[in-house]
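Taking it in order: structure first as structure tokens, then the write-up.
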Amino acid sequence: MASTVSDDNSDNEYWGVEAGEPLPIVWQDLLPEGALDEYFRQQEEFYERLEMRLQANASRLSDVTAGTEIEEGSDLDYMPQFGTFDTVDDIDGTLIRIPGYVVPFTFETDDRYTEFLFVPSQGACIHTPPPPPNQVIYVRAEEAARVEDIWAPYYLEGVISIERNENDLGNAAYTVDLSSLDLFPVPR
């Protein structure tokens, strides 16, 4: 994340960012130290347990094969959200701007939303699995934001806070009060 400037003892100034401008951040800025190590540890542990469960259900050694398909809807058909709610405290209360993708809670006919999730990768949801909670932002807007294409990248701008939101699509460790949502400029 950008370095803090201490010219006038203000905690909300960043090098190269004028007062009132959003701080441009990337998703890695939301990860505290050690978060990726914990994510991979949890993922490895999950797959080891899954492999043990698959082997326990096999009646013969030849029934255990790598990449065995899991029947949809079975008790093995589950993908947890790895990671933690650990956050970067220094960013709390900061006006930010970050690129990412919208994950609506419902699909309204007018494509306008007052709340949605914002994630670093296209199509991230419970099926892929979702990113870690500290890589998911719960967004709330006073006025509904128009989202013309959920597959297109956007710039999200607003004040970020460390506020936990748990839901079926993916839990979020951060919340943003939306200022603006603009399509990310993609070269054609």
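Ordering of the structure tokens sets the chain letters (A, B, ...), residue numbers begin anew at 1 in every chain, and ligands are numbered from 1 in the order given.
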For Leu95 (chain A): contacts at 10 Å, only C-alpha atoms, fewer than 3 positions along chain excluded, given as a PyMOL selection string: chain A and resi 12+20-24+91-92+157-161+176-179
Shell around Leu30 (chain A) at 10 Å using only C-alpha atoms, local window under 5 positions removed, as a VMD selection string: chain A and resid 1 25 35 86 to 91 134 to 137 173 to 174
Kindly provide the residues of region 115-152 of chain A that approach region 41-54 of chain A to within 12 Å, each paired with its closest atom pair and their distance in Å to one decimal, based on only C-alpha atoms, listed by chain and increasing number, as a Markdown table.
```
| residue | atom | partner | partner_atom | distance |
| --- | --- | --- | --- | --- |
| A:Pro129 | CA | A:Gln43 | CA | 10.7 |
| A:Pro131 | CA | A:Gln43 | CA | 11.7 |
| A:Pro132 | CA | A:Gln42 | CA | 10.7 |
```
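CA of Leu156 (chain A) lies 6.8 Å from CA of Asp182 (chain A).
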Test item: residues at most 10 Å from Pro104 (chain A), only C-alpha atoms, excluding those fewer than 2 positions along its chain, as a ChimeraX atom specification: /A:101-102,106-108,111-118,139,147,150,169
Selection export as an mmCIF file, in the first residue's frame, atoms kept: N, CA, C and O atoms:
```
data_model
loop_
_atom_site.group_PDB
_atom_site.id
_atom_site.type_symbol
_atom_site.label_atom_id
_atom_site.label_comp_id
_atom_site.auth_asym_id
_atom_site.auth_seq_id
_atom_site.Cartn_x
_atom_site.Cartn_y
_atom_site.Cartn_z
ATOM 1 N N TYR A 101 -14.701 -7.007 -9.892
ATOM 2 C CA TYR A 101 -15.926 -7.496 -10.526
ATOM 3 C C TYR A 101 -17.085 -7.506 -9.535
ATOM 4 O O TYR A 101 -16.908 -7.787 -8.350
ATOM 5 N N VAL A 102 -18.272 -7.257 -10.062
ATOM 6 C CA VAL A 102 -19.499 -7.229 -9.273
ATOM 7 C C VAL A 102 -20.105 -8.618 -9.209
ATOM 8 O O VAL A 102 -20.203 -9.316 -10.225
ATOM 9 N N THR A 106 -28.865 -10.743 -6.128
ATOM 10 C CA THR A 106 -30.007 -11.162 -6.937
ATOM 11 C C THR A 106 -29.838 -10.541 -8.315
ATOM 12 O O THR A 106 -29.065 -9.601 -8.492
ATOM 13 N N PHE A 107 -30.568 -11.044 -9.263
ATOM 14 C CA PHE A 107 -30.504 -10.501 -10.612
ATOM 15 C C PHE A 107 -31.776 -9.721 -10.890
ATOM 16 O O PHE A 107 -32.784 -10.285 -11.308
ATOM 17 N N GLU A 108 -31.725 -8.419 -10.610
ATOM 18 C CA GLU A 108 -32.860 -7.530 -10.831
ATOM 19 C C GLU A 108 -33.016 -7.297 -12.332
ATOM 20 O O GLU A 108 -32.055 -7.329 -13.076
ATOM 21 N N ASP A 111 -31.038 -4.122 -13.571
ATOM 22 C CA ASP A 111 -29.578 -4.141 -13.374
ATOM 23 C C ASP A 111 -29.087 -3.057 -12.421
ATOM 24 O O ASP A 111 -27.992 -2.529 -12.576
ATOM 25 N N ARG A 112 -29.883 -2.725 -11.423
ATOM 26 C CA ARG A 112 -29.505 -1.727 -10.426
ATOM 27 C C ARG A 112 -29.473 -2.401 -9.053
ATOM 28 O O ARG A 112 -30.377 -3.145 -8.707
ATOM 29 N N TYR A 113 -28.411 -2.084 -8.291
ATOM 30 C CA TYR A 113 -28.204 -2.767 -7.023
ATOM 31 C C TYR A 113 -27.816 -1.781 -5.929
ATOM 32 O O TYR A 113 -27.007 -0.888 -6.156
ATOM 33 N N THR A 114 -28.371 -1.990 -4.749
ATOM 34 C CA THR A 114 -27.978 -1.178 -3.590
ATOM 35 C C THR A 114 -27.012 -1.937 -2.705
ATOM 36 O O THR A 114 -26.422 -1.354 -1.800
ATOM 37 N N GLU A 115 -26.840 -3.232 -2.976
ATOM 38 C CA GLU A 115 -25.825 -4.020 -2.276
ATOM 39 C C GLU A 115 -25.374 -5.155 -3.177
ATOM 40 O O GLU A 115 -26.149 -5.721 -3.932
ATOM 41 N N PHE A 116 -24.078 -5.453 -3.097
ATOM 42 C CA PHE A 116 -23.484 -6.515 -3.894
ATOM 43 C C PHE A 116 -22.098 -6.808 -3.331
ATOM 44 O O PHE A 116 -21.606 -6.097 -2.450
ATOM 45 N N LEU A 117 -21.473 -7.857 -3.835
ATOM 46 C CA LEU A 117 -20.094 -8.164 -3.477
ATOM 47 C C LEU A 117 -19.181 -7.676 -4.595
ATOM 48 O O LEU A 117 -19.571 -7.649 -5.762
ATOM 49 N N PHE A 118 -17.970 -7.323 -4.218
ATOM 50 C CA PHE A 118 -16.960 -6.911 -5.182
ATOM 51 C C PHE A 118 -15.759 -7.812 -4.966
ATOM 52 O O PHE A 118 -15.303 -7.988 -3.837
ATOM 53 N N VAL A 139 -20.487 -4.325 -0.650
ATOM 54 C CA VAL A 139 -20.730 -2.945 -1.073
ATOM 55 C C VAL A 139 -22.173 -2.575 -0.788
ATOM 56 O O VAL A 139 -23.090 -3.338 -1.106
ATOM 57 N N VAL A 147 -25.338 -1.804 -13.039
ATOM 58 C CA VAL A 147 -24.326 -2.780 -13.450
ATOM 59 C C VAL A 147 -24.829 -3.401 -14.747
ATOM 60 O O VAL A 147 -25.662 -4.306 -14.737
ATOM 61 N N ILE A 150 -22.154 -7.984 -15.617
ATOM 62 C CA ILE A 150 -21.426 -8.521 -14.458
ATOM 63 C C ILE A 150 -20.126 -9.209 -14.871
ATOM 64 O O ILE A 150 -19.313 -9.532 -14.015
ATOM 65 N N LEU A 169 -23.087 -16.276 -0.772
ATOM 66 C CA LEU A 169 -22.218 -16.169 -1.946
ATOM 67 C C LEU A 169 -20.749 -16.142 -1.590
ATOM 68 O O LEU A 169 -19.912 -16.607 -2.352
#
```
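Taking CA of Gly123 (chain A) and CA of Pro99 (chain A) as the two end points, the separation is 14.2 Å.
Comparing A:Pro187, A:Gln81, A:Tyr154, A:Arg146 by their smallest distance to Asn167 (chain A), the closest is A:Gln81 (using only C-alpha atoms).
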Near Gln122 (chain A), counting only C-alpha atoms, which residues have an atom at most 8 Å away, once you skip same-chain residues fewer than 5 positions from it, shown as a PDB file with N, CA, C and O atoms, in the first residue's frame?
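Output below, filename out_14.pdb:
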```
ATOM      1  N   GLY A 100     -12.158  -4.427 -10.049  1.00  0.00           N
ATOM      2  CA  GLY A 100     -12.659  -5.761  -9.733  1.00  0.00           C
ATOM      3  C   GLY A 100     -13.967  -6.048 -10.441  1.00  0.00           C
ATOM      4  O   GLY A 100     -14.311  -5.400 -11.443  1.00  0.00           O
ATOM      5  N   TYR A 101     -14.701  -7.007  -9.892  1.00  0.00           N
ATOM      6  CA  TYR A 101     -15.926  -7.496 -10.526  1.00  0.00           C
ATOM      7  C   TYR A 101     -17.085  -7.506  -9.535  1.00  0.00           C
ATOM      8  O   TYR A 101     -16.908  -7.787  -8.350  1.00  0.00           O
ATOM      9  N   TRP A 151     -19.916  -9.433 -16.158  1.00  0.00           N
ATOM     10  CA  TRP A 151     -18.687 -10.071 -16.621  1.00  0.00           C
ATOM     11  C   TRP A 151     -17.613  -9.042 -16.950  1.00  0.00           C
ATOM     12  O   TRP A 151     -16.472  -9.400 -17.232  1.00  0.00           O
ATOM     13  N   ALA A 152     -17.959  -7.764 -16.907  1.00  0.00           N
ATOM     14  CA  ALA A 152     -17.005  -6.692 -17.211  1.00  0.00           C
ATOM     15  C   ALA A 152     -16.344  -6.200 -15.924  1.00  0.00           C
ATOM     16  O   ALA A 152     -16.970  -6.193 -14.868  1.00  0.00           O
ATOM     17  N   PRO A 153     -15.078  -5.764 -16.011  1.00  0.00           N
ATOM     18  CA  PRO A 153     -14.423  -5.204 -14.828  1.00  0.00           C
ATOM     19  C   PRO A 153     -14.901  -3.771 -14.566  1.00  0.00           C
ATOM     20  O   PRO A 153     -15.264  -3.046 -15.499  1.00  0.00           O
TER      21      PRO A 153
END
```
Test item: residues at most 10 Å from Glu166 (chain A), only C-alpha atoms, excluding those fewer than 4 positions along its chain, as a PyMOL selection string: chain A and resi 133+138+170-173
Length of the CA of Asn165 (chain A) to CA of Pro80 (chain A) vector [Å]: 16.0 Å
Which of region 16-185 of chain A DSSP labels strand (DSSP E), written as a ChimeraX atom specification: /A:23-24,94-104,112-119,137-146,154-165,172-183
